[in-house]
Each structure stands twice: as structure tokens, then as C-alpha cells.
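K.L.:
If it helps, the file is called model-v1.txt and holds compact mmCIF, C-alpha atoms:
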```txt
# COMPACT_ATOMS: atom_id res chain seq x y z
CA MET A 1 19.27 -12.60 -18.76
CA LYS A 2 21.21 -13.28 -21.93
CA ALA A 3 18.44 -13.54 -24.48
CA GLU A 4 16.03 -10.77 -25.42
CA ILE A 5 12.45 -11.28 -24.34
CA THR A 6 10.40 -12.59 -27.24
CA PRO A 7 6.83 -11.34 -27.82
CA GLN A 8 5.53 -14.80 -26.91
CA GLU A 9 7.47 -14.86 -23.63
CA TYR A 10 6.30 -11.37 -22.74
CA GLU A 11 2.64 -12.23 -23.36
CA ALA A 12 2.97 -15.42 -21.32
CA PHE A 13 4.58 -13.52 -18.45
CA LYS A 14 1.86 -10.86 -18.57
CA THR A 15 -0.73 -13.62 -18.18
CA PHE A 16 1.19 -15.22 -15.31
CA LEU A 17 1.49 -11.91 -13.42
CA GLN A 18 -2.15 -10.96 -13.88
CA ASP A 19 -3.33 -14.40 -12.73
CA ALA A 20 -0.97 -14.33 -9.74
CA CYS A 21 -1.60 -10.85 -8.36
CA GLY A 22 -3.84 -8.91 -10.73
CA ILE A 23 -1.18 -6.58 -12.11
CA LEU A 24 -1.72 -5.86 -15.78
CA LEU A 25 1.56 -5.02 -17.50
CA GLY A 26 1.30 -2.54 -20.31
CA GLU A 27 2.78 -2.92 -23.76
CA ASN A 28 6.52 -2.53 -24.25
CA LYS A 29 7.48 -3.00 -20.61
CA GLN A 30 10.10 -5.61 -21.43
CA TYR A 31 12.85 -3.38 -20.01
CA LEU A 32 11.07 -3.31 -16.63
CA VAL A 33 10.68 -7.07 -16.56
CA LYS A 34 14.35 -7.57 -17.45
CA SER A 35 15.63 -5.17 -14.81
CA ARG A 36 13.45 -6.57 -12.02
CA LEU A 37 14.00 -10.25 -12.80
CA ARG A 38 17.69 -10.20 -13.74
CA ARG A 39 18.92 -11.19 -10.28
CA ILE A 40 16.35 -14.00 -9.98
CA LEU A 41 17.38 -15.44 -13.34
CA GLU A 42 21.06 -15.31 -12.39
CA GLU A 43 20.47 -16.95 -9.00
CA ASN A 44 18.49 -19.76 -10.63
CA GLU A 45 20.96 -20.10 -13.54
CA LEU A 46 18.32 -19.32 -16.16
CA ASP A 47 19.12 -17.44 -19.34
CA SER A 48 15.66 -16.44 -20.56
CA LEU A 49 12.22 -15.42 -19.39
CA GLY A 50 10.84 -18.51 -21.12
CA LYS A 51 13.01 -20.78 -18.96
CA LEU A 52 11.78 -18.98 -15.85
CA LEU A 53 8.16 -19.49 -16.89
CA GLU A 54 8.83 -23.19 -17.49
CA ARG A 55 10.21 -23.54 -13.99
CA LEU A 56 7.31 -21.62 -12.47
CA ARG A 57 4.89 -24.12 -14.02
CA ARG A 58 6.52 -27.05 -12.24
CA PRO A 59 5.05 -28.34 -8.96
CA GLY A 60 6.56 -27.13 -5.73
CA ARG A 61 7.68 -23.74 -6.99
CA ALA A 62 5.72 -21.59 -4.55
CA ASN A 63 8.84 -19.88 -3.21
CA LEU A 64 10.06 -18.96 -6.68
CA ARG A 65 6.59 -17.72 -7.60
CA GLU A 66 6.52 -15.56 -4.49
CA THR A 67 9.98 -14.16 -5.27
CA VAL A 68 8.96 -13.20 -8.81
CA ILE A 69 5.75 -11.50 -7.62
CA ASP A 70 7.75 -9.71 -4.94
CA ALA A 71 10.21 -8.37 -7.51
CA MET A 72 7.46 -7.15 -9.82
CA THR A 73 5.33 -5.46 -7.14
CA THR A 74 7.94 -3.68 -5.01
CA ASN A 75 7.81 0.09 -5.46
CA GLU A 76 9.34 3.08 -3.75
CA THR A 77 7.03 5.34 -1.84
CA LEU A 78 7.07 8.67 -0.01
CA TRP A 79 6.09 10.15 3.33
CA PHE A 80 2.83 12.12 3.10
CA ARG A 81 2.55 11.31 -0.60
CA ASP A 82 0.26 13.74 -2.50
CA ASN A 83 -0.35 15.67 0.75
CA HIS A 84 -4.13 16.19 0.21
CA PRO A 85 -5.23 12.88 1.81
CA PHE A 86 -3.35 13.71 4.99
CA ARG A 87 -4.76 17.24 5.12
CA ILE A 88 -8.26 15.79 4.66
CA LEU A 89 -7.55 13.24 7.38
CA GLN A 90 -6.39 15.96 9.76
CA GLU A 91 -9.02 18.61 9.01
CA LYS A 92 -12.14 16.55 8.22
CA LEU A 93 -12.00 12.85 9.04
CA LEU A 94 -10.28 12.80 12.43
CA PRO A 95 -12.50 15.57 13.85
CA GLU A 96 -15.58 13.77 12.49
CA PHE A 97 -14.61 10.43 13.99
CA ALA A 98 -13.54 12.07 17.26
CA GLU A 99 -17.19 13.08 17.65
CA ARG A 100 -18.52 9.69 16.48
CA LYS A 101 -16.15 7.38 18.34
CA THR A 102 -16.73 7.28 22.06
CA THR A 103 -15.91 3.71 23.05
CA GLN A 104 -15.03 1.91 19.80
CA PRO A 105 -11.53 2.27 18.28
CA LEU A 106 -10.99 4.14 15.02
CA ARG A 107 -9.78 1.56 12.50
CA VAL A 108 -7.76 2.54 9.43
CA TRP A 109 -6.56 0.25 6.64
CA SER A 110 -3.58 1.18 4.47
CA ALA A 111 -3.79 -1.19 1.47
CA ALA A 112 -0.64 -1.81 -0.60
CA CYS A 113 1.43 -0.05 2.08
CA SER A 114 4.85 -0.85 0.57
CA THR A 115 7.68 -0.09 3.03
CA GLY A 116 5.38 1.57 5.55
CA GLN A 117 5.58 5.28 4.80
CA GLU A 118 1.82 5.66 4.29
CA PRO A 119 0.57 4.00 7.51
CA TYR A 120 3.27 5.66 9.58
CA SER A 121 2.34 9.01 8.01
CA VAL A 122 -1.28 8.37 9.05
CA GLY A 123 -0.05 7.57 12.54
CA MET A 124 1.86 10.86 12.72
CA VAL A 125 -1.26 12.81 11.76
CA VAL A 126 -3.22 10.95 14.46
CA GLU A 127 -0.57 11.75 17.07
CA GLU A 128 -0.55 15.43 16.08
CA PHE A 129 -4.35 15.50 16.31
CA ARG A 130 -4.24 13.97 19.80
CA ARG A 131 -1.80 16.61 20.97
CA GLN A 132 -4.10 19.35 19.73
CA ARG A 133 -7.18 17.70 21.27
CA PRO A 134 -6.16 15.82 24.41
CA GLY A 135 -8.42 12.93 25.31
CA ARG A 136 -9.80 12.47 21.78
CA LEU A 137 -9.24 9.36 19.64
CA ARG A 138 -7.36 7.51 22.33
CA ASP A 139 -7.80 4.17 20.59
CA VAL A 140 -6.66 4.12 16.93
CA LYS A 141 -5.65 0.93 15.15
CA ILE A 142 -3.95 1.04 11.77
CA THR A 143 -3.74 -2.15 9.69
CA ALA A 144 -1.26 -2.02 6.82
CA THR A 145 -1.12 -4.71 4.13
CA ASP A 146 0.98 -5.57 1.12
CA ILE A 147 1.54 -8.59 -1.10
CA SER A 148 5.33 -8.32 -0.75
CA LYS A 149 7.01 -9.99 2.21
CA SER A 150 10.25 -8.07 1.67
CA VAL A 151 8.66 -4.61 1.91
CA LEU A 152 6.64 -5.69 4.96
CA GLU A 153 9.85 -6.71 6.69
CA VAL A 154 11.22 -3.21 6.12
CA ALA A 155 7.95 -1.65 7.30
CA ARG A 156 7.83 -3.71 10.50
CA ARG A 157 11.40 -2.73 11.40
CA GLY A 158 10.47 0.92 10.99
CA GLU A 159 14.07 1.85 10.30
CA TYR A 160 14.96 3.98 7.28
CA GLU A 161 18.12 5.33 5.70
CA MET A 162 18.55 9.10 5.48
CA ILE A 163 17.77 9.13 1.74
CA ALA A 164 14.37 7.52 2.45
CA ILE A 165 13.70 9.89 5.37
CA GLY A 166 14.23 12.86 3.06
CA ARG A 167 11.43 11.85 0.68
CA GLY A 168 8.55 13.94 1.98
CA LEU A 169 9.30 14.03 5.71
CA SER A 170 9.79 17.42 7.36
CA PRO A 171 12.70 17.95 9.78
CA GLU A 172 10.19 18.72 12.54
CA ARG A 173 8.38 15.39 12.11
CA GLN A 174 11.69 13.60 11.88
CA ARG A 175 12.65 14.99 15.31
CA GLN A 176 9.24 14.20 16.81
CA PHE A 177 8.72 10.67 15.56
CA PHE A 178 12.19 9.18 14.96
CA THR A 179 15.36 8.45 16.88
CA PRO A 180 18.82 7.91 15.33
CA SER A 181 19.69 4.23 14.93
CA LEU A 182 23.09 2.64 15.49
CA ASN A 183 23.79 2.09 11.78
CA GLY A 184 23.24 5.71 10.78
CA GLY A 185 19.56 5.43 9.88
CA TRP A 186 16.44 6.61 11.67
CA GLN A 187 14.08 4.48 13.75
CA ILE A 188 10.33 5.07 14.20
CA LYS A 189 9.60 5.68 17.89
CA PRO A 190 7.86 2.80 19.72
CA GLN A 191 4.59 4.67 20.35
CA LEU A 192 4.07 5.16 16.61
CA ARG A 193 5.22 1.65 15.68
CA SER A 194 2.78 0.11 18.15
CA MET A 195 -0.14 1.84 16.41
CA VAL A 196 0.44 -0.06 13.13
CA GLU A 197 -0.01 -3.77 12.47
CA PHE A 198 1.44 -5.12 9.21
CA LYS A 199 -0.04 -8.13 7.42
CA GLU A 200 0.62 -9.91 4.13
CA LEU A 201 -2.40 -9.65 1.81
CA ASN A 202 -3.14 -10.12 -1.88
CA LEU A 203 -5.93 -7.69 -2.83
CA LEU A 204 -7.39 -10.34 -5.13
CA GLU A 205 -8.00 -12.71 -2.25
CA ARG A 206 -10.58 -12.77 0.54
CA TYR A 207 -10.17 -10.10 3.19
CA MET A 208 -10.24 -11.33 6.79
CA LEU A 209 -9.30 -8.08 8.45
CA GLY A 210 -12.52 -6.95 10.10
CA LYS A 211 -14.30 -3.64 9.54
CA PHE A 212 -12.71 -0.23 8.99
CA ASP A 213 -13.69 3.42 9.24
CA ILE A 214 -11.12 4.66 6.72
CA VAL A 215 -9.45 2.76 3.88
CA LEU A 216 -6.54 4.18 1.91
CA CYS A 217 -6.09 2.30 -1.35
CA ARG A 218 -3.85 4.67 -3.27
CA ASN A 219 -1.71 4.35 -6.37
CA VAL A 220 -2.30 0.62 -6.77
CA LEU A 221 -5.59 0.28 -8.68
CA ILE A 222 -3.93 1.79 -11.76
CA TYR A 223 -2.14 -1.55 -12.21
CA PHE A 224 -5.34 -3.61 -12.41
CA SER A 225 -7.83 -4.26 -15.20
CA ALA A 226 -11.21 -2.51 -15.02
CA ASP A 227 -12.96 -5.70 -13.88
CA LEU A 228 -10.45 -6.44 -11.13
CA LYS A 229 -10.53 -2.82 -10.00
CA LYS A 230 -14.32 -3.00 -9.67
CA ASP A 231 -14.08 -6.28 -7.75
CA ILE A 232 -11.51 -4.85 -5.31
CA LEU A 233 -13.53 -1.69 -4.71
CA THR A 234 -16.66 -3.76 -4.10
CA ARG A 235 -14.89 -5.87 -1.49
CA ILE A 236 -13.38 -2.79 0.15
CA HIS A 237 -16.94 -1.44 0.40
CA ALA A 238 -17.90 -4.57 2.31
CA ALA A 239 -14.96 -4.01 4.68
CA LEU A 240 -16.04 -0.43 5.50
CA ASN A 241 -18.22 0.43 8.47
CA PRO A 242 -21.41 2.39 7.71
CA GLY A 243 -20.42 5.94 6.82
CA GLY A 244 -16.78 4.91 6.36
CA TYR A 245 -14.49 6.57 3.85
CA LEU A 246 -12.35 5.39 0.94
CA ILE A 247 -9.33 7.43 -0.16
CA LEU A 248 -7.84 6.73 -3.60
CA GLY A 249 -4.71 8.01 -5.31
CA ALA A 250 -4.56 11.41 -6.96
CA SER A 251 -4.86 9.91 -10.47
CA GLU A 252 -7.50 7.30 -9.54
CA SER A 253 -11.29 7.44 -9.52
CA LEU A 254 -14.20 5.07 -9.01
CA ASN A 255 -15.57 5.29 -12.56
CA GLY A 256 -18.89 3.80 -11.53
CA LEU A 257 -20.20 1.97 -8.48
CA PRO A 258 -22.70 4.77 -7.70
CA ASP A 259 -24.74 2.37 -5.59
CA LEU A 260 -21.82 1.77 -3.26
CA TYR A 261 -20.06 5.11 -2.77
CA GLU A 262 -20.87 8.80 -2.85
CA MET A 263 -18.26 11.38 -3.80
CA VAL A 264 -17.22 13.91 -1.16
CA GLN A 265 -15.52 17.09 -2.42
CA CYS A 266 -12.88 18.36 0.01
CA HIS A 267 -11.55 21.39 -1.93
CA PRO A 268 -8.99 20.34 -2.93
CA GLY A 269 -9.21 16.58 -3.07
CA ILE A 270 -11.95 13.98 -3.40
CA ILE A 271 -12.79 11.08 -1.12
CA TYR A 272 -15.64 8.55 -1.18
CA ARG A 273 -18.18 7.73 1.55
CA LYS A 274 -19.80 4.34 1.85
CA LYS A 275 -23.53 4.42 1.11
```
As C-alpha cells - that is how I would like this structure written.

P.N.:
Amino acid sequence: MKAEITPQEYEAFKTFLQDACGILLGENKQYLVKSRLRRILEENELDSLGKLLERLRRPGRANLRETVIDAMTTNETLWFRDNHPFRILQEKLLPEFAERKTTQPLRVWSAACSTGQEPYSVGMVVEEFRRQRPGRLRDVKITATDISKSVLEVARRGEYEMIAIGRGLSPERQRQFFTPSLNGGWQIKPQLRSMVEFKELNLLERYMLGKFDIVLCRNVLIYFSADLKKDILTRIHAALNPGGYLILGASESLNGLPDLYEMVQCHPGIIYRKK
């Protein structure tokens, strides 16, 4: 990108991104836009953000639109990020659902799953719970969604470089749930991979995923406007089974919707139960 981003271009791109996927860019994030879109501009022989926007407005540019959204929504993630949700899952939610679920599967949704660390972390906790309580929660299905095709491809492969493995994963869990791969990385074992189904999903669109007992929607709502956040949380409520739970990120809260959810204090940590 040769030219600096003008205020008009930046405002136009903010509008495009919010309309496309709900993400609301803050002020003075031009550096982020430049760094994430530089390769796309070079590959399409464009020298400014304005030229990119012009091309995006033309008919038949769905692939380019998808590539731009992908670049702006891809984020790194960690294994067992924030820790508290996984402790709550292990100590409160899995025991509770082990008593509730006799014939029906336990269904978990990891929304905005990125490269798969969150749903696979959930799967590890489930496997550890099963080992401690043989015969309980035999049928667990984890659905993991993201808007980005590229991160979903990584997640489905379940193969990670050593630098990614080191971000939050203990050596013990690495030994239990991974095997060395031929290229020097580490591969999720088949039993854990088979527990997770990955699907492409824009949180602004209609959900056709069925009903869930637990939904993790963490560290993504901070990018949406208040109205979009409320809309997403309302639709997640509709996707929860009666008495199901919503888990948000450490810096996120409901800020309303008292008719839909009740707060559950877990000391430490807060989750939300469907009313």
C-alpha cells in the first residue's frame, strides 16, 4: 500500500467491515488495516485502500470480499485461555450435566473458535472428566464455528507448530492428547478430533446449528456495537436448551438482557444461565 489511508477511506472501510461481519473498528486503527491488507493490495495490484473499496463494490467480487474479511478477523488464540471457564466447566458444568444427561448428548458450541484451541481445550477437559468418572458423559458433541475459512482449515487439521503448542498447553496434556507429526509439529489425537465439528458461520446471520447446553462466546463481542452484541446474545439464548449456560470472555458482560439470562457466580468467574 503506497498511499496513506485518508480519513474518508478509513471511514468507508469501517462501514464496509461493520456491514459485512459486524466488527466495529475503533478510531486510529489505520496501522492495523494497513498491516492486515498489505498482501491483498499487492496481490491485486492496488495502491490504496480506496482502490480496494472500489473493487469490492463491483459485482462478482465475493471471493475478494471474503479474503478481506478473513484478513481482518483472524486472531491468535491460546489453549485454556483465561483458565476460569475451563475450571468452571470441569468443576461445575460437567458434573451437573453428567447428572442431567442420561440418554441425550451434551452439546457445546464454541463460537468464534479461531484456529481451534478453545474447542479442543473443551474436549480435553471432557476427556479428563470421563477418566475420573467412567461411564459418565459418553456422548459429547462440540460444534466450533468461525467466519474465517483459513482458520477453520487449520482447526480441522488439528496440527500445530511447537510455538503454538507452548501457548497455554501443559507438557502433560501435550503428551496425553497429541502425537508428533512428520513435519515437526504436533497432531491432535483422533479421539479428540472426532469430538469436534467445525463449521463456517457469521454471527450476524441465522444460526442453523440446533440446540446447545453450553455456549462459549468469548473475546469476540468486544468487537461489535452494543446493538449487534444484544442481537447476537438474544439469538444465542434461542439456541440454548432450557437451563443451558453461556460463557463470555473475562472482559465481557451482558449489560442487560435480564429477562433472558441470570448471572451465576462461580468464585472466581461468572457465567450466565438461560431463564

K.L.:
Which one is closest to Thr115 in chain A: A:Arg156, A:Arg61, A:Arg193, A:Arg100? Count all atoms listed in the file.

P.N.:
A:Arg156

K.L.:
Counting all atoms listed in the file, which residue out of A:Gly158, A:Leu24, A:Arg133, A:Ile214 sits closest to Gly244 in chain A?

P.N.:
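Among the listed residues, A:Ile214 lies closest to Gly244 in chain A.
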
K.L.:
Considering only C-alpha atoms, give me a table of residues in range 126-184 of chain A that are at most 12 Å from range 62-76 of chain A, with the closest atom pair and distance in Å for each, as JSON lines.

P.N.:
```
{"residue": "A:Asp146", "atom": "CA", "partner": "A:Thr73", "partner_atom": "CA", "distance": 9.3}
{"residue": "A:Ile147", "atom": "CA", "partner": "A:Asp70", "partner_atom": "CA", "distance": 7.4}
{"residue": "A:Ser148", "atom": "CA", "partner": "A:Asp70", "partner_atom": "CA", "distance": 5.0}
{"residue": "A:Lys149", "atom": "CA", "partner": "A:Asp70", "partner_atom": "CA", "distance": 7.2}
{"residue": "A:Ser150", "atom": "CA", "partner": "A:Asp70", "partner_atom": "CA", "distance": 7.3}
{"residue": "A:Val151", "atom": "CA", "partner": "A:Thr74", "partner_atom": "CA", "distance": 7.0}
{"residue": "A:Leu152", "atom": "CA", "partner": "A:Thr74", "partner_atom": "CA", "distance": 10.3}
{"residue": "A:Val154", "atom": "CA", "partner": "A:Thr74", "partner_atom": "CA", "distance": 11.6}
{"residue": "A:Ile163", "atom": "CA", "partner": "A:Glu76", "partner_atom": "CA", "distance": 11.7}
{"residue": "A:Ala164", "atom": "CA", "partner": "A:Glu76", "partner_atom": "CA", "distance": 9.1}
{"residue": "A:Arg167", "atom": "CA", "partner": "A:Glu76", "partner_atom": "CA", "distance": 10.0}
```

K.L.:
What is the distance between CA of Arg107 in chain A and CA of Phe212 in chain A, in Å to one decimal?

P.N.:
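Going from CA of Arg107 in chain A over to CA of Phe212 in chain A, I get 4.9 Å.
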
K.L.:
Residues near Leu216 in chain A, anyone? I mean within 8 Å using only C-alpha atoms, not counting same-chain ones fewer than 2 positions away, as a ChimeraX atom specification.

P.N.:
/A:108-111,214,218,246-248

K.L.:
Which residues are close to Leu260 in chain A, i.e. within 7 Å by only C-alpha atoms, leaving aside same-chain residues fewer than 5 positions away? Reply as a list in words.

P.N.:
His237, Lys274 and Lys275 of chain A
